[in-house]
Number of protein chains: 4
Amino acid sequence: STHWLLTLSCDDRPGIVHAVTGAIAQAYGNITELQQFSSAESNRFFMRVQVQSGFDRSVFERAVTPIAESIGADWTLDFVGRPRRTLILASKMGHCLNDLLFRQRSGSLQIEVPLILSNHPDLRDLANFYGVAFEDHAVLPDTKAAFEARVLQTVEQHDIELVVLARYMQILSPELCEKLAGRAINIHHSFLPGFKGANPYRQAHARGVKLIGATAHFVTGDLDEGPIIEQNVRRVDHSVDVPELVEIGQEQESRTLTDAVKLFAEHRIMLDGQRTVIFR
Amino acid sequence: STHWLLTLSCDDRPGIVHAVTGAIAQAYGNITELQQFSSAESNRFFMRVQVQSGFDRSVFERAVTPIAESIGADWTLDFVGRPRRTLILASKMGHCLNDLLFRQRSGSLQIEVPLILSNHPDLRDLANFYGVAFEDHAVLPDTKAAFEARVLQTVEQHDIELVVLARYMQILSPELCEKLAGRAINIHHSFLPGFKGANPYRQAHARGVKLIGATAHFVTGDLDEGPIIEQNVRRVDHSVDVPELVEIGQEQESRTLTDAVKLFAEHRIMLDGQRTVIFR
Amino acid sequence: STHWLLTLSCDDRPGIVHAVTGAIAQAYGNITELQQFSSAESNRFFMRVQVQSGFDRSVFERAVTPIAESIGADWTLDFVGRPRRTLILASKMGHCLNDLLFRQRSGSLQIEVPLILSNHPDLRDLANFYGVAFEDHAVLPDTKAAFEARVLQTVEQHDIELVVLARYMQILSPELCEKLAGRAINIHHSFLPGFKGANPYRQAHARGVKLIGATAHFVTGDLDEGPIIEQNVRRVDHSVDVPELVEIGQEQESRTLTDAVKLFAEHRIMLDGQRTVIFR
Amino acid sequence: STHWLLTLSCDDRPGIVHAVTGAIAQAYGNITELQQFSSAESNRFFMRVQVQSGFDRSVFERAVTPIAESIGADWTLDFVGRPRRTLILASKMGHCLNDLLFRQRSGSLQIEVPLILSNHPDLRDLANFYGVAFEDHAVLPDTKAAFEARVLQTVEQHDIELVVLARYMQILSPELCEKLAGRAINIHHSFLPGFKGANPYRQAHARGVKLIGATAHFVTGDLDEGPIIEQNVRRVDHSVDVPELVEIGQEQESRTLTDAVKLFAEHRIMLDGQRTVIFR
């Protein structure tokens, strides 16, 4: 028996849950988890179902396809727990990369990482320790296009499903952002929409905020404006200076990014315009 | 068109969601919210559905009844937003009562309160301000039975659905606990299972905990052991003495109890043995 | 024996703590609480001391004055627990006012409130219940100046130390902001600096944030840009619509404002330029 | 100029701060951080001061010693930022060890680790990656004494200041606990005092708690009863099963333990009987 995972989104209308669960019943499936959401603003319907079934993919697809077509739905069918092919971009700071790789190895994060691309060599040893291929290429005004071409080539070659910017400190070109729309996750080191752009901890210190945070979001051409996936904060006080904010913030950054990657890996994130629907 | 709310629990087996949503489709209902949970430990299935439908109760009941019977389900059918009849028990401290009544009046808590029963007169003015009937009866060894009889009489007379112990400082008799099983909520002023019984803030101070909390739970004959509904904590440090813990804790107590009462009022709590399933 | 409270700020230099504690020793005082902070950015020194002493104010002042003068310090001397004279401004929503008055009456908030000024009559009953004088005056383009004059007159007449904007929904004039600088606290219903201005919950919903918050800050002429005193957040998800955000947010607003007022009442807030030093 | 760190505790009495800051002034020191606490219950006084001074240790000691002797104080003098010699005990799970070593290397945790002792070989590679010596010895009924002798030998040989049990899954003997009193920190995977002993996540699941936590505490002969240093919690719901609790909890465990070790490394923890005074 296989543990299937079905996601589906379409314009909202009566009867969708009944129709989809009918298809599941037809494939002799047993629902172990089901979540749905009807967005009043966008009039879109979203659904995620986990199903135990002895039947194979083609049977399941034959059952779901006609229903999905009749309601004009986008849908995906996957196995629960299949590691998703992930490309990681990094720079010099290793806290996010370290957390991702540690959890991947310990089995709590279902990703496989064929390659890490970095604009600095600093994290090569860490990648080696976890047995992950690592390339570093300087990213300068005249080499940025080549780096981004290497990103796209990797995406194609390894059939990459997710690109993670693990404190990658370069801004992606609008073209690359567009090509990776909905499948590239960045960690911003502030509680967005506060403190966009450079040096958010310096900005946060100057403004005297009492909580600092981190935000994982989808990458879009509009810097730090992509749909938010996850956010965390931690209390600070007046005595915490900028270097200490950076230290404290790193813990928020790594767990927020890892949680967002985990949600993506488990097909728990769906896009509703500029907002995300998260099925925990 | 009416906004219906259906809850259902039964032994788990394939096809329940399909069958129930079929009955809803048959009553021309449009699902606005649906949550389900299959408990691996107890092998029980739980479901909560909100449905917009133009049909009346009898049509809905005719559609659901045969399915519910065939799967041996317990089920309830209600309107979304109907205020649930609630009896509040109180003593001297008003912070929980104040929060419940303020939110009830401001429309964010769907309860109606025909009566407050207290073992002290202190909160009469507060009850009056909110226009709620108030009775105080001394609860002493020889009058406790009479007080509890008045509780049961009120429950019967007003068809009470929920009894809230808003820092009511007396222990209910095992008989009363049993009669109110699954419909009486207490607030305990600690993060259970830590610090059961009397003076939890004093216990917490002596133990030197760094977070203090509050726990809303169903009342059972086993003191402070009933199924947990909601918990909150707040950070404290060594400099906070017992009276300050009490003050800080009161904020946790009122919001935790109010949140639990709101969950109950909206049929979002279902019992799975000693655990609760909470559909937010 | 009296419980004194001394606050002091000046340019930072060696020897201040020794000098001040020397003055305290001279007045036969016993320090029960002492906090200090040296701001590296502003090079300012801040200190708050609680002292038990049998001597009267003049003795204490004679001991502290020469030291304070020699280091060019601003300082205040008060009793621990003296209720501070507070004017509350309100509009229609009562959750913040209710929390302030409830805690004032229950003894956990050391303020006295000679008057509530409102631009709507809605909260008169609540004020009456707590025995606080209440005036409502329409605030329209041509009456705004009169209302603000009434505010200033009240401040003078009652020797008001703190003005609290408890969801007062009008923008104060720059002149009034300046006159109340450092002694007027507002609650903004977002996690500043995110979502300044009108309808922050609508903005937060559109942006799809995963945590919503509230910020208590000093009022300045620069809207929502005053020094931040306290902030709190609560987790939300995609299913929470704007009216529900408002409801959830109100809990954050009232506790954040009450906590800020409590900090002010206990002389625990000191201003370091655009930032606050908070001695808990 | 050197950045000194002085901690001091003694029976409470008037004049201590003045006397100590006098000694500091005498050594031409400039206080950069000062915290003190008078415990009403134990009548003990605690103080931590950071001081910039051009003078050397002997000058400082000559200034402090007579005062400390006259008030019967325990005191320590150290440099700010000196890495403290730390022995780590581990077993099979690497999340806590990984976090400690990553932060040590990245410079945010001021410890040096001459050796890791483990009762399993699993974490050897991780230790090697961070360049830390690693020994594994089976701990069985007849070899436990030898392992503990090796612990004590290491403590002596390397002048160890702190022993960290980073999910070391063996109970230390009462004799070893006593010898390491006040300098051994354990992480317990629950929010103590709830769920002491084995399998706390299983206990937490059975009890249906809505928040799970982790507690860092000093090791004492009384299992899971030592003075609490730090605690954190995270929200969970009914759908989280035991293996997921374990995963979620690991994040709490590592950050709680690392934070506690950092507090210890920076001399921010002082013992007040069964409670800790934490100067952040």
# chains A, B, ... in the order shown; residues from 1 in each chain; ligands from 1
call {"tool": "interface_residues", "arguments": {"of": "chain C", "to": "chain A", "cutoff": "8 Å", "atoms": "only C-alpha atoms", "output": "ChimeraX atom specification"}}
result
/C:37,39,192-195,206-211,227-232,237-239,274-278
call {"tool": "residues_around", "arguments": {"residues": "region 10-25 of chain B", "least_positions_apart": "5", "cutoff": "7 Å", "atoms": "only C-alpha atoms", "output": "ChimeraX atom specification"}}
result
/A:15,17-18,21-22,25,30-31 /B:38,43-46,63-64,67,71-74
call {"tool": "select_by_dssp", "arguments": {"residues": "region 149-241 of chain B", "states": "alpha helix (DSSP H)", "output": "ChimeraX atom specification"}}
result
/B:149-157,174-179,200-207
call {"tool": "residues_around", "arguments": {"residues": "His120 (chain C)", "least_positions_apart": "6", "cutoff": "8 Å", "atoms": "only C-alpha atoms", "output": "compact mmCIF listing (two decimals) with C-alpha atoms, in the first residue's frame"}}
result
# COMPACT_ATOMS: atom_id res chain seq x y z
CA ALA C 90 -10.68 57.25 23.87
CA SER C 91 -13.09 56.89 20.98
CA LYS C 92 -15.56 54.04 20.43
CA ASP C 136 -17.26 63.44 25.17
CA HIS C 137 -16.80 66.18 22.60
CA ALA C 138 -17.22 65.75 18.87
call {"tool": "select_by_dssp", "arguments": {"residues": "region 22-179 of chain B", "states": "strand (DSSP E or B)", "output": "PyMOL selection string"}}
result
chain B and resi 30-38+44-53+74-79+84-90+111-118+134-136+162-165
call {"tool": "closest_residue", "arguments": {"among": "D:Glu33, D:Val164, D:Val59, D:Trp4", "to": "Val240 (chain A)", "atoms": "only C-alpha atoms"}}
result
D:Glu33
call {"tool": "residues_around", "arguments": {"residues": "Glu253 (chain C)", "least_positions_apart": "5", "cutoff": "8 Å", "atoms": "only C-alpha atoms", "output": "number ranges by chain"}}
result
C: 96, 187-189, 213-215
call {"tool": "atom_distance", "arguments": {"atom1": "CA of Val139 (chain A)", "atom2": "CA of Gln104 (chain D)"}}
result
29.3 Å
call {"tool": "residues_around", "arguments": {"residues": "Leu100 (chain D)", "least_positions_apart": "6", "cutoff": "9 Å", "atoms": "only C-alpha atoms", "output": "CSV table (one decimal) with N, CA, C and O atoms, in the first residue's frame"}}
result
chain,number,residue,atom,x,y,z
D,109,LEU,N,29.6,31.6,20.8
D,109,LEU,CA,29.5,30.9,22.0
D,109,LEU,C,31.0,30.7,22.5
D,109,LEU,O,31.8,30.0,21.9
D,166,ALA,N,24.8,16.9,26.5
D,166,ALA,CA,24.1,17.2,25.3
D,166,ALA,C,23.3,16.0,24.8
D,166,ALA,O,23.7,15.4,23.8
D,254,SER,N,17.9,22.0,21.4
D,254,SER,CA,19.3,22.6,21.0
D,254,SER,C,19.4,24.1,21.4
D,254,SER,O,20.4,24.5,21.9
D,255,ARG,N,18.3,24.8,21.0
D,255,ARG,CA,18.5,26.3,21.3
D,255,ARG,C,18.5,26.5,22.8
D,255,ARG,O,19.2,27.4,23.3
D,257,LEU,N,19.5,24.5,25.3
D,257,LEU,CA,20.8,24.1,25.8
D,257,LEU,C,21.9,25.1,25.5
D,257,LEU,O,22.7,25.5,26.3
D,258,THR,N,22.0,25.5,24.2
D,258,THR,CA,23.0,26.4,23.7
D,258,THR,C,22.9,27.7,24.5
D,258,THR,O,23.9,28.3,24.9
D,261,VAL,N,24.2,27.3,28.0
D,261,VAL,CA,25.7,27.2,28.0
D,261,VAL,C,26.3,28.6,27.8
D,261,VAL,O,27.3,29.0,28.4
call {"tool": "residues_around", "arguments": {"residues": "Phe102 (chain A)", "least_positions_apart": "4", "cutoff": "9 Å", "atoms": "only C-alpha atoms", "output": "list in words"}}
result
Leu97, Asn98, Ser106, Gly107, Leu109 and Tyr130 of chain A; Gly94, His95 and Asn98 of chain D
call {"tool": "atom_distance", "arguments": {"atom1": "CA of Gln153 (chain B)", "atom2": "CA of Arg268 (chain B)"}}
result
26.8 Å
call {"tool": "residues_around", "arguments": {"residues": "Glu161 (chain C)", "least_positions_apart": "5", "cutoff": "9 Å", "atoms": "only C-alpha atoms", "output": "list in words"}}
result
Arg84, Arg85, Thr86, Leu87, Val155, Arg183 and Ala184 of chain C
call {"tool": "closest_residue", "arguments": {"among": "D:Ala149, D:Leu162, D:Val236, D:Cys177", "to": "Gln110 (chain D)", "atoms": "only C-alpha atoms"}}
result
D:Leu162
call {"tool": "atom_distance", "arguments": {"atom1": "CA of Leu34 (chain D)", "atom2": "CA of Val49 (chain C)"}}
result
12.3 Å
